[in-house]
Amino acid sequence: MIVAERKPFDEIRNMVKGYKKVLTVGCGTCVAVCLAGGSKEVETLNAELNLAFKKDGIEFGAHTLERQCDMEFLSELDAKADNYDCFLSMACGAGIQFLAERFPEKPVLPAVNTSFIGVNLDVGWYEEKCRACGQCVLGMTGGVCPVTMCAKSLFNGPCGGTNKTSCEIHKDQPCAWLKIYERLAGQGRLEQIMAISPPNDWSNQKPRKVIQPGYEERLKAMHP
Amino acid sequence: MITENCSNMVDISISKDVLVIGAGSFGLQAAGQIAAQGYKVSVIGAKTACARQSGCTSEMLEKGGVNIMQDVSIEALAGVVGDFRATLTKNNEKVESIFGAVVVAPQYSYSPLNAKYGLTLNDKVMTLSQFEAIISSDSEKMKAIQNGGEGGAGANVAFLMGFAQEGEPLLTGRVLKGALAVQNMKGCKAYIYAGNVKVGANGLERLFTQGRHAGVVCFKPSETPKVQQGTDLLKITIKDPVVRSDVELTPDFIVVEEGLVVDKQNLDLCAKLRVDTDLDGFLPSNNVHRFPAKSNRDGIFVVNSSLDATNAALRVKELIGDGTKKVVADRAKVDENLCVICLTCYRSCPHGAIFWQNGAAAISPAACQGCGICASECPMDAIQLGEFTDESLRANIKDAVVSAQATQKDAKSEPTIVAFCCKNSALEAFESAKLFGHEMPVGFKIVKVPCAGKVDVEFIMKAFVDGADGVMVAACHEGNCKAERGNTYAKWRVNEIQKRLELMGFGKNKLTFTTIASNMAKEFACKVNDFAKSLEG
């Protein structure tokens with residue numbers, strides 16, 4: 001899931017200052033699950049904003065979509081958009097941009113910082129697991145991601161900074177390659193650690209697209 | 001029984017089978033009493049007591065009323081009250097069985113505490129467990145006690161307890177029984193040196209009196225006795241505070257207390273059952289709102305004594321009855337269209353009442369206690385309580401502010417204060433404060449909530465938006481929440497909003513969190529007045 005955190009209130013306040021009618025748009029998918037931008041957070045943020053801008057008479061509306069990363073759901077806002085002079089999106093960076101594309105004439109402001117792709121350890125507690133590098137090596141690394149977990153994102157073994165099971169950046173940060181070693185050893189396939197992963201194509205760092213298998217034909221037909 | 005003031009009742013069916021985990025004396029007593037009520041009982045766990053002596057009749061044991069399953073353990077427990085689905089394992093074979101209720105009779109292990117008295121265990125110095133094993137046998141060691149005294153007479157046995165640990169009633173009972181057994185042996189004498197004595201259990205007073213009448217000597221010194229352990233000599237010295245001199249005893253044997261140990265197995269079981277322990281890891285968690293033998297989960301009972309066993313049997317009967325039960329259908333409902341199955345509710349529910357099915361969270365009407373923690377934590381506002389919908393609470397907040405402001409028009413200007421009052425404590429305290437005529441500010445109004453855990457961040461902010469000068473969240477005392485953690489959640493939320501208020505430049509003092517008991521009417525009024533004063537200043 002994509003994990004986001006709400007921006008500091010001051011930052012949000014400064015962004016919406018000067019507008020008269022603001023629609024706070026929540027997203028009912030990842031950011032709702034990570035308790036950053038679902039309808040509850042929308043209502044809470046609006047209450048805070050109402051309090052802060054009581055004297056300025058700014059009006060704050062609320063609308064939480066199923067997903068801001070699907071235009072079918074964004075279209076729910078078409079009828080409302082004219083009533084507002086600005087959108088405050090609580091979706092991840094993808095959702096915010098898609099909302100901005102849908103309404104190119106309107107300012108769209110981010111109310112959250114998109115943090116990472118991660119897992120839920122407990123209510124409100126998340127940990128990054130994936131950097132979306134586009135060249136997954138988890139099969140060779142015992143399901144431990146060296147791109148995310150290694151401070152240098154090393155593909156082929158630890159660096160000289162591995163220090164008594166920890167990474168040199170911090171004693172609480174385990175060395176990713178130690179974890180990989182332990183996992184592979186535990187599964188009795190340690191010999192695979194010797195396989196060399198070719199360097200990732202980091203030059204491919206423009207916005208990436210994913211077309212799920214089986215959908216290529218459909219896309220060609222629908223979007224020639 | 002407490003009746004619910006709700007119209008929306010539904011019948012649910014409840015399995016009439018009961019699982020007892022822990023085949024010690026108390027577990028088997030519970031099993032026997034539950035089976036006597038006509039329910040089928042399966043007992044798992046290490047068998048450490050005789051079933052017949054614990055009240056299971058031959059008929060129960062032979063005809064399957066009580067089925068003692070040796071070497072079976074529980075791997076997982078899904079489902080909710082009335083429909084618990086237990087995965088039981090034996091030699092890697094798994095079977096899933098359905099039970100209406102589960103009774104846990106925890107089996108803890110003991111740790112010797114001789115080191116805390118500076119003693120080494122040997123033939124003369126033994127732990128309570130070792131002593132119990134000896135006197136229930138016919139061994140050489142038993143003869144040593146019987147004839148171990150001077151000139152072949154009975155031995156003097158000293159028991160040490162309550163100096164090395166806080167202790168618990170079970171330990172007191174074991175020591176009293178042991179001392180009485182010694183005293184009843186011909187020529188033997190028993191001495192008890194007790195520090196902290198826990199006597200809050202059935203029959204302990206009687207046992208103590210019995211011992212005293214038989215001649216057991218009890219000392220309760222204020223300091224830990226000095227114990228000397230020589231090759232042939234044991235010597236216990238205490239200071240007598242009355243005669244102000246040392247009192248010495250040279251017993252033939254010393255029996256040292258033991259501590260109960262919560263091991264990984266105990267904790268694993270609690271995690272599997274999702275039942276809360278107390279701070280030391282013992283079951284159940286303390287909660288004054290709960291009837292004896294109940295745990296934080298409806299349908300899971302905890303038995304630590306004979307009295308608990310009887311109570312559990314009564315509760316099981318009350319729960320299962322004839323296999324159908326009337327429950328409130330809309331105590332808490334999930335809007336399946338809004339739910340994103342983020343699992344926040346499942347993880348936050350203190351009663352284990354939430355599960356998920358068909359792509360949405362679901363709340364068991366039988367297990368739900370209506371505290372509303374889930375509803376307040378839900379990021380999509382997908383959960384609504386039948387009696388306390390978000391809509392009605394928002395309206396109540398508005399009404400509270402408006403009526404508080406209205407009362408002030410003809411009085412001097414005082415701050416408008418809205419207090420969210422938990423119906424289990426603060427609400428009662430408020431009502432009695434009114435009844436007793438304790439003065440409170442005219443601009444003070446309350447909003448009733450089922451538990452402080454139902455006070456949303458949004459509600460507090462809304463009260464300020466609506467025009468409140470101050471907001472108070474009044475919860476039960478720490479460790480006293482009917483919903484285990486509702487007050488804790490409320491406190492966390494208040495702390496968070498205070499931070500946000502400060503960042504917004506409003507100052508955190510406009511919002512306060514307080515804990516109160518239902519009988520603290522005067523204190524409640526004081527707290528409100530102090531808060532009002534702090535807002536004026």
# chains A, B, ... in the order shown; residues from 1 in each chain; ligands from 1
>>> closest_atom_pairs(of="chain B", to="chain A", cutoff="7 Å", atoms="only C-alpha atoms", output="CSV")
residue,atom,partner,partner_atom,distance
B:Val340,CA,A:Thr29,CA,6.6
B:Cys342,CA,A:Val33,CA,4.5
B:Thr344,CA,A:Val123,CA,5.7
B:Arg347,CA,A:Val123,CA,6.7
B:Pro379,CA,A:Lys40,CA,4.9
B:Met380,CA,A:Ser39,CA,4.8
B:Asp381,CA,A:Lys40,CA,5.9
B:Val457,CA,A:Thr44,CA,6.6
B:Glu458,CA,A:Thr44,CA,4.6
B:Met461,CA,A:Ala47,CA,5.6
B:Lys462,CA,A:Ala47,CA,5.9
B:Val465,CA,A:Leu51,CA,5.3
B:Met504,CA,A:Ala52,CA,6.9
>>> write_last_selection(atoms="N, CA and C atoms", output="compact mmCIF listing (two decimals), in the first residue's frame")
# COMPACT_ATOMS: atom_id res chain seq x y z
N VAL B 340 -13.05 0.03 3.79
CA VAL B 340 -11.92 -0.28 2.91
C VAL B 340 -11.06 -1.40 3.50
N CYS B 342 -9.32 -1.73 6.14
CA CYS B 342 -7.96 -1.35 6.56
C CYS B 342 -7.57 -2.11 7.82
N THR B 344 -8.23 -1.51 10.82
CA THR B 344 -8.05 -0.68 12.01
C THR B 344 -9.05 -1.09 13.10
N ARG B 347 -8.22 -4.43 14.66
CA ARG B 347 -7.08 -4.36 15.55
C ARG B 347 -7.38 -3.55 16.81
N PRO B 379 -11.12 5.15 9.53
CA PRO B 379 -10.74 6.32 8.72
C PRO B 379 -11.82 6.73 7.73
N MET B 380 -12.82 5.87 7.53
CA MET B 380 -13.85 6.19 6.54
C MET B 380 -15.21 6.46 7.20
N ASP B 381 -15.26 6.55 8.51
CA ASP B 381 -16.52 6.72 9.22
C ASP B 381 -17.55 5.68 8.77
N VAL B 457 -11.60 12.61 17.19
CA VAL B 457 -10.81 13.83 17.02
C VAL B 457 -11.71 14.91 16.41
N GLU B 458 -12.48 14.47 15.43
CA GLU B 458 -13.34 15.41 14.72
C GLU B 458 -14.38 16.06 15.64
N MET B 461 -12.82 18.83 17.69
CA MET B 461 -12.59 20.00 16.85
C MET B 461 -13.91 20.70 16.53
N LYS B 462 -14.95 19.88 16.33
CA LYS B 462 -16.24 20.45 15.98
C LYS B 462 -16.79 21.32 17.12
N VAL B 465 -15.21 24.53 16.77
CA VAL B 465 -15.73 25.23 15.59
C VAL B 465 -17.12 25.81 15.91
N MET B 504 -1.63 25.50 15.80
CA MET B 504 -2.53 26.46 15.18
C MET B 504 -2.51 27.80 15.90
>>> residues_around(residues="Ala30 of chain B", least_positions_apart="4", cutoff="8 Å", atoms="only C-alpha atoms", output="PyMOL selection string")
chain B and resi 20+26+34+103+303+306+309-310+312-313
>>> write_last_selection(atoms="C-alpha atoms", output="PDB file, in the first residue's frame")
ATOM      1  CA  VAL B  20     -12.234 -25.806  28.605  1.00  0.00           C
ATOM      2  CA  PHE B  26     -10.258 -25.613  38.581  1.00  0.00           C
ATOM      3  CA  ILE B  34     -20.989 -26.885  32.979  1.00  0.00           C
ATOM      4  CA  VAL B 103     -13.317 -21.416  29.582  1.00  0.00           C
ATOM      5  CA  VAL B 303     -11.160 -19.593  36.042  1.00  0.00           C
ATOM      6  CA  SER B 306     -13.297 -23.007  42.708  1.00  0.00           C
ATOM      7  CA  ALA B 309     -15.431 -22.318  38.285  1.00  0.00           C
ATOM      8  CA  THR B 310     -18.933 -21.959  39.711  1.00  0.00           C
ATOM      9  CA  ALA B 312     -18.061 -19.487  34.943  1.00  0.00           C
ATOM     10  CA  ALA B 313     -20.628 -22.303  34.895  1.00  0.00           C
TER      11      ALA B 313
END
>>> residues_around(residues="Pro198 of chain A", least_positions_apart="5", cutoff="12 Å", atoms="only C-alpha atoms", output="list of chain:residue names")
A:Gln135, A:Cys136, A:Val137, A:Met140, A:Leu154, A:Phe155, A:Asn156
>>> closest_residue(among="A:Ala221, A:Val16, A:Ala81, A:Ala132", to="Lys209 of chain A", atoms="only C-alpha atoms")
A:Ala132
>>> atom_distance(atom1="atom CA of Gly200 of chain B", atom2="atom CA of Val302 of chain B")
17.2 Å
>>> select_by_dssp(residues="segment 6-211 of chain A", states="strand (DSSP E or B)", output="NGL selection string")
:A and (6 or 21-27 or 59-65 or 86-89 or 108-110 or 112-122 or 125-130 or 163 or 166-167 or 170-174)
>>> atom_distance(atom1="atom CA of Asp85 of chain A", atom2="atom CA of Glu5 of chain A")
24.6 Å
>>> residues_around(residues="Met15 of chain A", least_positions_apart="6", cutoff="12 Å", atoms="only C-alpha atoms", output="count of residues only")
14
>>> residues_around(residues="segment 247-253 of chain B", least_positions_apart="5", cutoff="6 Å", atoms="only C-alpha atoms", output="CSV table (one decimal) with C-alpha atoms, in the first residue's frame")
chain,number,residue,atom,x,y,z
B,124,LYS,CA,16.2,-30.0,54.8
B,125,VAL,CA,15.2,-27.0,52.8
B,155,ALA,CA,9.8,-32.6,63.2
B,156,ASN,CA,9.4,-28.8,63.4
B,157,VAL,CA,8.7,-27.4,60.0
B,234,LEU,CA,18.8,-24.3,60.4
B,235,LYS,CA,18.0,-21.1,62.4
B,236,ILE,CA,15.4,-18.5,61.8
B,237,THR,CA,15.6,-15.2,63.7
B,238,ILE,CA,13.0,-12.5,63.9
>>> closest_residue(among="A:Leu99, A:Cys175, A:Ile180, A:Cys92", to="Ser75 of chain A", atoms="only C-alpha atoms")
A:Leu99
>>> select_by_dssp(residues="segment 361-428 of chain B", states="alpha helix (DSSP H)", output="VMD selection string")
chain B and resid 373 to 377 390 to 407 426 to 428
>>> residues_around(residues="Thr407 of chain B", least_positions_apart="6", cutoff="10 Å", atoms="only C-alpha atoms", output="list in words")
Ser413, Glu414, Thr416, Val442, Gly443 and Phe444 of chain B
>>> closest_residue(among="A:Leu121, A:Ile169, A:Ala185, A:Leu178", to="Cys145 of chain A", atoms="only C-alpha atoms")
A:Leu178
>>> atom_distance(atom1="atom CA of Arg290 of chain B", atom2="atom CA of Val80 of chain B")
18.2 Å
>>> decode(residues="segment 92-153 of chain A", atoms="C-alpha atoms", output="short mmCIF file (atom, residue, chain, number, x, y, z; two decimals), in the first residue's frame")
data_model
loop_
_atom_site.label_atom_id
_atom_site.label_comp_id
_atom_site.auth_asym_id
_atom_site.auth_seq_id
_atom_site.Cartn_x
_atom_site.Cartn_y
_atom_site.Cartn_z
CA CYS A 92 -1.12 10.23 -2.60
CA GLY A 93 0.97 12.09 -5.13
CA ALA A 94 -0.57 10.07 -7.95
CA GLY A 95 -4.10 10.94 -6.92
CA ILE A 96 -3.27 14.61 -6.45
CA GLN A 97 -1.81 14.83 -9.95
CA PHE A 98 -4.69 12.96 -11.54
CA LEU A 99 -7.12 15.31 -9.82
CA ALA A 100 -5.09 18.26 -11.13
CA GLU A 101 -5.23 16.78 -14.64
CA ARG A 102 -8.98 16.38 -14.41
CA PHE A 103 -9.42 20.04 -13.45
CA PRO A 104 -6.45 21.78 -15.10
CA GLU A 105 -7.96 25.22 -14.56
CA LYS A 106 -8.13 24.79 -10.76
CA PRO A 107 -5.30 24.93 -8.23
CA VAL A 108 -4.90 21.52 -6.57
CA LEU A 109 -3.01 21.59 -3.28
CA PRO A 110 -1.53 18.58 -1.47
CA ALA A 111 -2.56 18.06 2.16
CA VAL A 112 -0.40 14.98 2.63
CA ASN A 113 3.16 13.97 1.93
CA THR A 114 3.37 10.68 0.08
CA SER A 115 5.91 8.66 2.02
CA PHE A 116 6.46 5.23 0.55
CA ILE A 117 5.12 1.84 -0.44
CA GLY A 118 4.94 -0.09 2.76
CA VAL A 119 3.25 -2.51 5.10
CA ASN A 120 1.03 -2.08 8.12
CA LEU A 121 2.70 -3.25 11.32
CA ASP A 122 -0.14 -2.20 13.59
CA VAL A 123 -2.79 0.51 13.73
CA GLY A 124 -1.05 3.67 12.57
CA TRP A 125 2.38 2.04 12.20
CA TYR A 126 3.89 1.49 8.76
CA GLU A 127 7.24 0.47 7.38
CA GLU A 128 8.67 1.02 3.95
CA LYS A 129 9.19 -2.17 2.00
CA CYS A 130 9.47 -1.26 -1.68
CA ARG A 131 11.08 1.54 -3.67
CA ALA A 132 9.31 0.56 -6.90
CA CYS A 133 12.68 0.30 -8.65
CA GLY A 134 11.17 -1.63 -11.50
CA GLN A 135 13.68 -4.51 -11.43
CA CYS A 136 12.60 -6.86 -8.67
CA VAL A 137 15.35 -9.08 -7.27
CA LEU A 138 13.40 -10.45 -4.28
CA GLY A 139 13.55 -13.95 -5.77
CA MET A 140 17.33 -13.95 -5.43
CA THR A 141 17.47 -12.16 -2.11
CA GLY A 142 15.21 -14.36 -0.05
CA GLY A 143 12.35 -11.87 -0.12
CA VAL A 144 14.39 -9.08 1.50
CA CYS A 145 14.66 -5.95 -0.65
CA PRO A 146 18.21 -4.63 -0.90
CA VAL A 147 17.08 -1.52 -2.74
CA THR A 148 14.85 -0.44 0.15
CA MET A 149 16.71 -1.85 3.11
CA CYS A 150 20.34 -1.22 2.13
CA ALA A 151 21.33 2.42 2.50
CA LYS A 152 23.26 2.14 -0.74
CA SER A 153 20.68 -0.05 -2.50
#
